[in-house]
file final-v4.tsv (TSV, C-alpha atoms)
chain	number	residue	atom	x	y	z
A	258	MET	CA	0.00	0.00	0.00
A	259	LYS	CA	2.83	2.34	0.84
A	260	GLY	CA	4.42	1.71	-2.63
A	261	VAL	CA	1.20	2.66	-4.43
A	262	MET	CA	0.97	5.90	-2.45
A	263	VAL	CA	4.57	6.82	-3.35
A	264	MET	CA	3.92	6.19	-7.07
A	265	PHE	CA	0.77	8.34	-6.95
A	266	LEU	CA	2.59	11.22	-5.29
A	267	ALA	CA	5.47	10.96	-7.75
A	268	THR	CA	3.19	11.21	-10.80
A	269	ALA	CA	0.92	13.86	-9.27
A	270	GLY	CA	3.82	16.19	-8.52
A	271	GLY	CA	4.99	16.14	-12.16
A	272	GLY	CA	4.38	19.84	-12.60
A	273	SER	CA	4.25	21.40	-16.08
A	274	GLY	CA	4.46	18.22	-18.20
A	275	GLY	CA	1.35	16.60	-16.71
A	276	TRP	CA	-1.18	17.96	-19.19
A	277	VAL	CA	0.88	16.87	-22.21
A	278	GLY	CA	0.97	13.32	-20.89
A	279	ALA	CA	-2.79	13.38	-20.37
A	280	LEU	CA	-3.45	14.76	-23.87
A	281	LEU	CA	-1.16	12.35	-25.74
A	282	PRO	CA	-3.49	9.28	-25.57
A	283	PHE	CA	-6.37	11.31	-27.02
A	284	VAL	CA	-4.21	12.53	-29.91
A	285	LEU	CA	-3.08	8.96	-30.62
A	286	MET	CA	-6.68	7.69	-30.52
A	287	PHE	CA	-7.77	10.40	-32.97
A	288	ALA	CA	-4.89	9.49	-35.33
A	289	VAL	CA	-5.87	5.81	-35.23
A	290	PHE	CA	-9.53	6.65	-35.89
A	291	TYR	CA	-8.57	8.95	-38.75
A	292	PHE	CA	-6.36	6.44	-40.58
A	293	LEU	CA	-8.52	3.37	-39.92
A	294	LEU	CA	-12.05	4.78	-40.20
A	295	ILE	CA	-12.40	8.32	-41.51
A	296	ARG	CA	-9.90	8.36	-44.39
A	297	PRO	CA	-11.00	5.05	-46.02
A	298	GLN	CA	-14.65	6.16	-45.79
A	299	GLN	CA	-13.82	9.45	-47.51
A	300	LYS	CA	-12.05	7.59	-50.34
A	301	LYS	CA	-15.00	5.23	-50.76
A	302	GLN	CA	-17.44	8.16	-50.85
A	303	LYS	CA	-15.31	9.96	-53.45
A	304	THR	CA	-15.26	6.91	-55.78
A	305	ARG	CA	-19.03	6.44	-55.36
A	306	ASN	CA	-19.71	10.08	-56.24
A	307	ALA	CA	-17.46	9.71	-59.30
A	308	LEU	CA	-19.42	6.61	-60.36
A	309	LEU	CA	-22.78	8.34	-59.96
A	310	SER	CA	-21.65	11.46	-61.81
A	311	SER	CA	-20.23	9.46	-64.73
A	312	LEU	CA	-23.53	7.67	-65.49
A	313	LYS	CA	-24.84	8.14	-69.01
A	314	LYS	CA	-27.69	6.94	-71.16
A	315	GLY	CA	-27.15	3.36	-72.36
A	316	ASP	CA	-25.09	2.17	-69.37
A	317	LYS	CA	-26.03	-1.26	-68.05
A	318	ILE	CA	-26.28	-1.03	-64.27
A	319	SER	CA	-27.27	-2.91	-61.16
A	320	THR	CA	-29.21	-1.28	-58.30
A	321	ILE	CA	-28.73	-1.83	-54.59
A	322	GLY	CA	-31.87	-3.99	-54.65
A	323	GLY	CA	-30.46	-6.27	-57.35
A	324	MET	CA	-32.45	-4.92	-60.31
A	325	HIS	CA	-30.50	-5.01	-63.58
A	326	GLY	CA	-31.28	-2.74	-66.50
A	327	THR	CA	-30.14	-0.18	-69.04
A	328	ILE	CA	-30.38	3.55	-68.40
A	329	ALA	CA	-33.09	5.01	-70.65
A	330	GLU	CA	-33.38	8.50	-69.13
A	331	LEU	CA	-31.22	10.42	-66.70
A	332	THR	CA	-31.87	13.52	-64.58
A	333	ASP	CA	-29.99	15.10	-61.69
A	334	ASP	CA	-31.58	12.88	-59.06
A	335	THR	CA	-33.52	10.12	-60.87
A	336	VAL	CA	-32.71	7.35	-63.33
A	337	VAL	CA	-35.20	5.53	-65.55
A	338	LEU	CA	-34.15	1.93	-66.22
A	339	ARG	CA	-35.32	-0.11	-69.17
A	340	VAL	CA	-35.62	-3.63	-67.78
A	341	ASN	CA	-37.02	-5.20	-70.96
A	342	ASP	CA	-38.71	-3.87	-74.09
A	343	THR	CA	-41.88	-2.70	-72.31
A	344	THR	CA	-40.90	-2.17	-68.67
A	345	ARG	CA	-39.36	1.06	-67.42
A	346	ILE	CA	-38.69	1.66	-63.73
A	347	THR	CA	-37.71	4.95	-62.07
A	348	PHE	CA	-35.04	4.92	-59.34
A	349	GLU	CA	-33.17	7.50	-57.34
A	350	ARG	CA	-29.64	8.02	-58.64
A	351	SER	CA	-28.31	6.99	-55.23
A	352	ALA	CA	-29.90	3.52	-55.70
A	353	ILE	CA	-27.30	2.63	-58.35
A	354	ASN	CA	-24.83	0.07	-57.02
A	355	THR	CA	-22.52	-0.77	-59.93
A	356	VAL	CA	-22.07	-0.12	-63.63
A	357	LEU	CA	-21.91	-3.50	-65.35
A	358	HIS	CA	-21.19	-2.25	-68.88
A	359	SER	CA	-20.60	1.35	-69.83
A	360	ALA	CA	-21.98	2.64	-73.13
A	361	PRO	CA	-19.35	4.21	-75.39
A	362	ALA	CA	-19.26	7.99	-75.44
A	363	LYS	CA	-20.47	9.85	-78.53
A	364	GLY	CA	-16.90	10.88	-79.43
A	365	GLU	CA	-15.72	7.28	-79.22
A	366	ILE	CA	-18.46	6.11	-81.59
A	367	LYS	CA	-17.54	8.76	-84.18
A	368	ALA	CA	-13.82	7.97	-83.88
A	369	ALA	CA	-14.50	4.25	-84.35
A	370	ALA	CA	-16.66	4.95	-87.42
A	371	VAL	CA	-13.99	7.16	-89.01
A	372	LYS	CA	-11.31	4.56	-88.31
A	373	GLU	CA	-13.51	1.85	-89.88
A	374	GLU	CA	-14.10	3.99	-93.00
A	375	LYS	CA	-10.35	4.51	-93.43
A	376	SER	CA	-9.66	0.79	-93.13
A	377	ASP	CA	-12.26	0.02	-95.85
A	378	LYS	CA	-10.53	2.24	-98.43
A	379	VAL	CA	-8.19	0.49	-100.87
A	380	ASP	CA	-5.47	2.09	-102.97
A	381	PRO	CA	-6.00	1.91	-106.74
A	382	GLU	CA	-2.77	-0.07	-107.02
A	383	GLY	CA	-4.12	-2.72	-104.69
A	384	THR	CA	-1.91	-1.93	-101.68
A	385	VAL	CA	-3.37	-0.95	-98.38
call {"tool": "encode", "arguments": {"input": "final-v4.tsv", "output": "structure tokens"}}
result
Amino acid sequence: MKGVMVMFLATAGGGSGGWVGALLPFVLMFAVFYFLLIRPQQKKQKTRNALLSSLKKGDKISTIGGMHGTIAELTDDTVVLRVNDTTRITFERSAINTVLHSAPAKGEIKAAAVKEEKSDKVDPEGTV
């Protein structure tokens, strides 16, 4: 009992460095929380926002409920999916889980068509 009392008095009489020692565990806990919880969640949120902002008409997607379809119409906050030839379902944009197949951009389609036209042309001498 006497040893415990001596240790308590020795740490209590520390003086000016006592508050730094008390604050250090809280700083370390915040650093651990930041690198293990906060930072990975921010990265995940950034990639999700990039996915939702890059949606375009013709993309084949899957919703969080498991519905698969092709984007027929797109607004700022809603998406209309074409499930089959006659069925169209409206979802919130935030209900999109993954993009299964992305439709080519308009510029890519034109570039592919021009490249195909050039490959079809044949020199009059018969060399390509």
call {"tool": "closest_residue", "arguments": {"input": "final-v4.tsv", "among": "A:Ser319, A:Asn354, A:Asn306, A:Ser359", "to": "Arg339 of chain A", "atoms": "all atoms listed in the file"}}
result
A:Ser319
call {"tool": "residues_around", "arguments": {"input": "final-v4.tsv", "residues": "segment 332-334 of chain A", "least_positions_apart": "3", "cutoff": "8 Å", "atoms": "only C-alpha atoms", "output": "list of chain:residue names"}}
result
A:Glu349, A:Arg350, A:Ser351
call {"tool": "residues_around", "arguments": {"input": "final-v4.tsv", "residues": "Arg345 of chain A", "least_positions_apart": "3", "cutoff": "12 Å", "atoms": "only C-alpha atoms", "output": "list in words"}}
result
Met324, His325, Gly326, Thr327, Ile328, Ala329, Glu330, Val336, Val337, Leu338, Arg339, Val340, Asn341, Asp342 and Phe348 of chain A
call {"tool": "closest_residue", "arguments": {"input": "final-v4.tsv", "among": "A:Ile295, A:Val277, A:Ile353, A:Ile346", "to": "Leu308 of chain A", "atoms": "only C-alpha atoms"}}
result
A:Ile353
call {"tool": "atom_distance", "arguments": {"input": "final-v4.tsv", "atom1": "atom CA of Val356 of chain A", "atom2": "atom CA of Ile321 of chain A"}}
result
11.4 Å
call {"tool": "atom_distance", "arguments": {"input": "final-v4.tsv", "atom1": "atom CA of Leu280 of chain A", "atom2": "atom CA of Gln298 of chain A"}}
result
26.1 Å
call {"tool": "build_atoms", "arguments": {"input": "final-v4.tsv", "residues": "segment 275-296 of chain A", "atoms": "N, CA and C atoms", "output": "tab-separated table (two decimals), in the coordinates of the input"}}
result
chain	number	residue	atom	x	y	z
A	275	GLY	N	2.47	17.48	-17.01
A	275	GLY	CA	1.35	16.60	-16.71
A	275	GLY	C	0.23	16.67	-17.74
A	276	TRP	N	-0.08	17.83	-18.24
A	276	TRP	CA	-1.18	17.96	-19.19
A	276	TRP	C	-0.82	17.40	-20.56
A	277	VAL	N	0.46	17.45	-20.93
A	277	VAL	CA	0.88	16.87	-22.21
A	277	VAL	C	0.73	15.35	-22.17
A	278	GLY	N	1.11	14.76	-21.06
A	278	GLY	CA	0.97	13.32	-20.89
A	278	GLY	C	-0.49	12.88	-20.89
A	279	ALA	N	-1.37	13.71	-20.40
A	279	ALA	CA	-2.79	13.38	-20.37
A	279	ALA	C	-3.42	13.57	-21.76
A	280	LEU	N	-2.90	14.47	-22.55
A	280	LEU	CA	-3.45	14.76	-23.87
A	280	LEU	C	-2.95	13.79	-24.94
A	281	LEU	N	-1.79	13.23	-24.75
A	281	LEU	CA	-1.16	12.35	-25.74
A	281	LEU	C	-2.02	11.13	-26.11
A	282	PRO	N	-2.64	10.42	-25.18
A	282	PRO	CA	-3.49	9.28	-25.57
A	282	PRO	C	-4.67	9.68	-26.46
A	283	PHE	N	-5.24	10.85	-26.19
A	283	PHE	CA	-6.37	11.31	-27.02
A	283	PHE	C	-5.92	11.64	-28.44
A	284	VAL	N	-4.76	12.22	-28.58
A	284	VAL	CA	-4.21	12.53	-29.91
A	284	VAL	C	-3.93	11.23	-30.66
A	285	LEU	N	-3.36	10.25	-29.99
A	285	LEU	CA	-3.08	8.96	-30.62
A	285	LEU	C	-4.38	8.25	-31.02
A	286	MET	N	-5.40	8.32	-30.19
A	286	MET	CA	-6.68	7.69	-30.52
A	286	MET	C	-7.30	8.37	-31.74
A	287	PHE	N	-7.23	9.69	-31.81
A	287	PHE	CA	-7.77	10.40	-32.97
A	287	PHE	C	-7.01	10.01	-34.24
A	288	ALA	N	-5.69	9.88	-34.16
A	288	ALA	CA	-4.89	9.49	-35.33
A	288	ALA	C	-5.28	8.09	-35.80
A	289	VAL	N	-5.47	7.17	-34.88
A	289	VAL	CA	-5.87	5.81	-35.23
A	289	VAL	C	-7.25	5.82	-35.89
A	290	PHE	N	-8.19	6.54	-35.30
A	290	PHE	CA	-9.53	6.65	-35.89
A	290	PHE	C	-9.48	7.26	-37.28
A	291	TYR	N	-8.65	8.29	-37.46
A	291	TYR	CA	-8.57	8.95	-38.75
A	291	TYR	C	-8.07	7.99	-39.83
A	292	PHE	N	-6.97	7.30	-39.55
A	292	PHE	CA	-6.36	6.44	-40.58
A	292	PHE	C	-7.09	5.12	-40.77
A	293	LEU	N	-7.82	4.64	-39.78
A	293	LEU	CA	-8.52	3.37	-39.92
A	293	LEU	C	-10.00	3.51	-40.28
A	294	LEU	N	-10.62	4.64	-39.95
A	294	LEU	CA	-12.05	4.78	-40.20
A	294	LEU	C	-12.41	5.94	-41.13
A	295	ILE	N	-11.96	7.12	-40.80
A	295	ILE	CA	-12.40	8.32	-41.51
A	295	ILE	C	-11.84	8.39	-42.92
A	296	ARG	N	-10.54	8.22	-43.07
A	296	ARG	CA	-9.90	8.36	-44.39
A	296	ARG	C	-10.39	7.32	-45.40
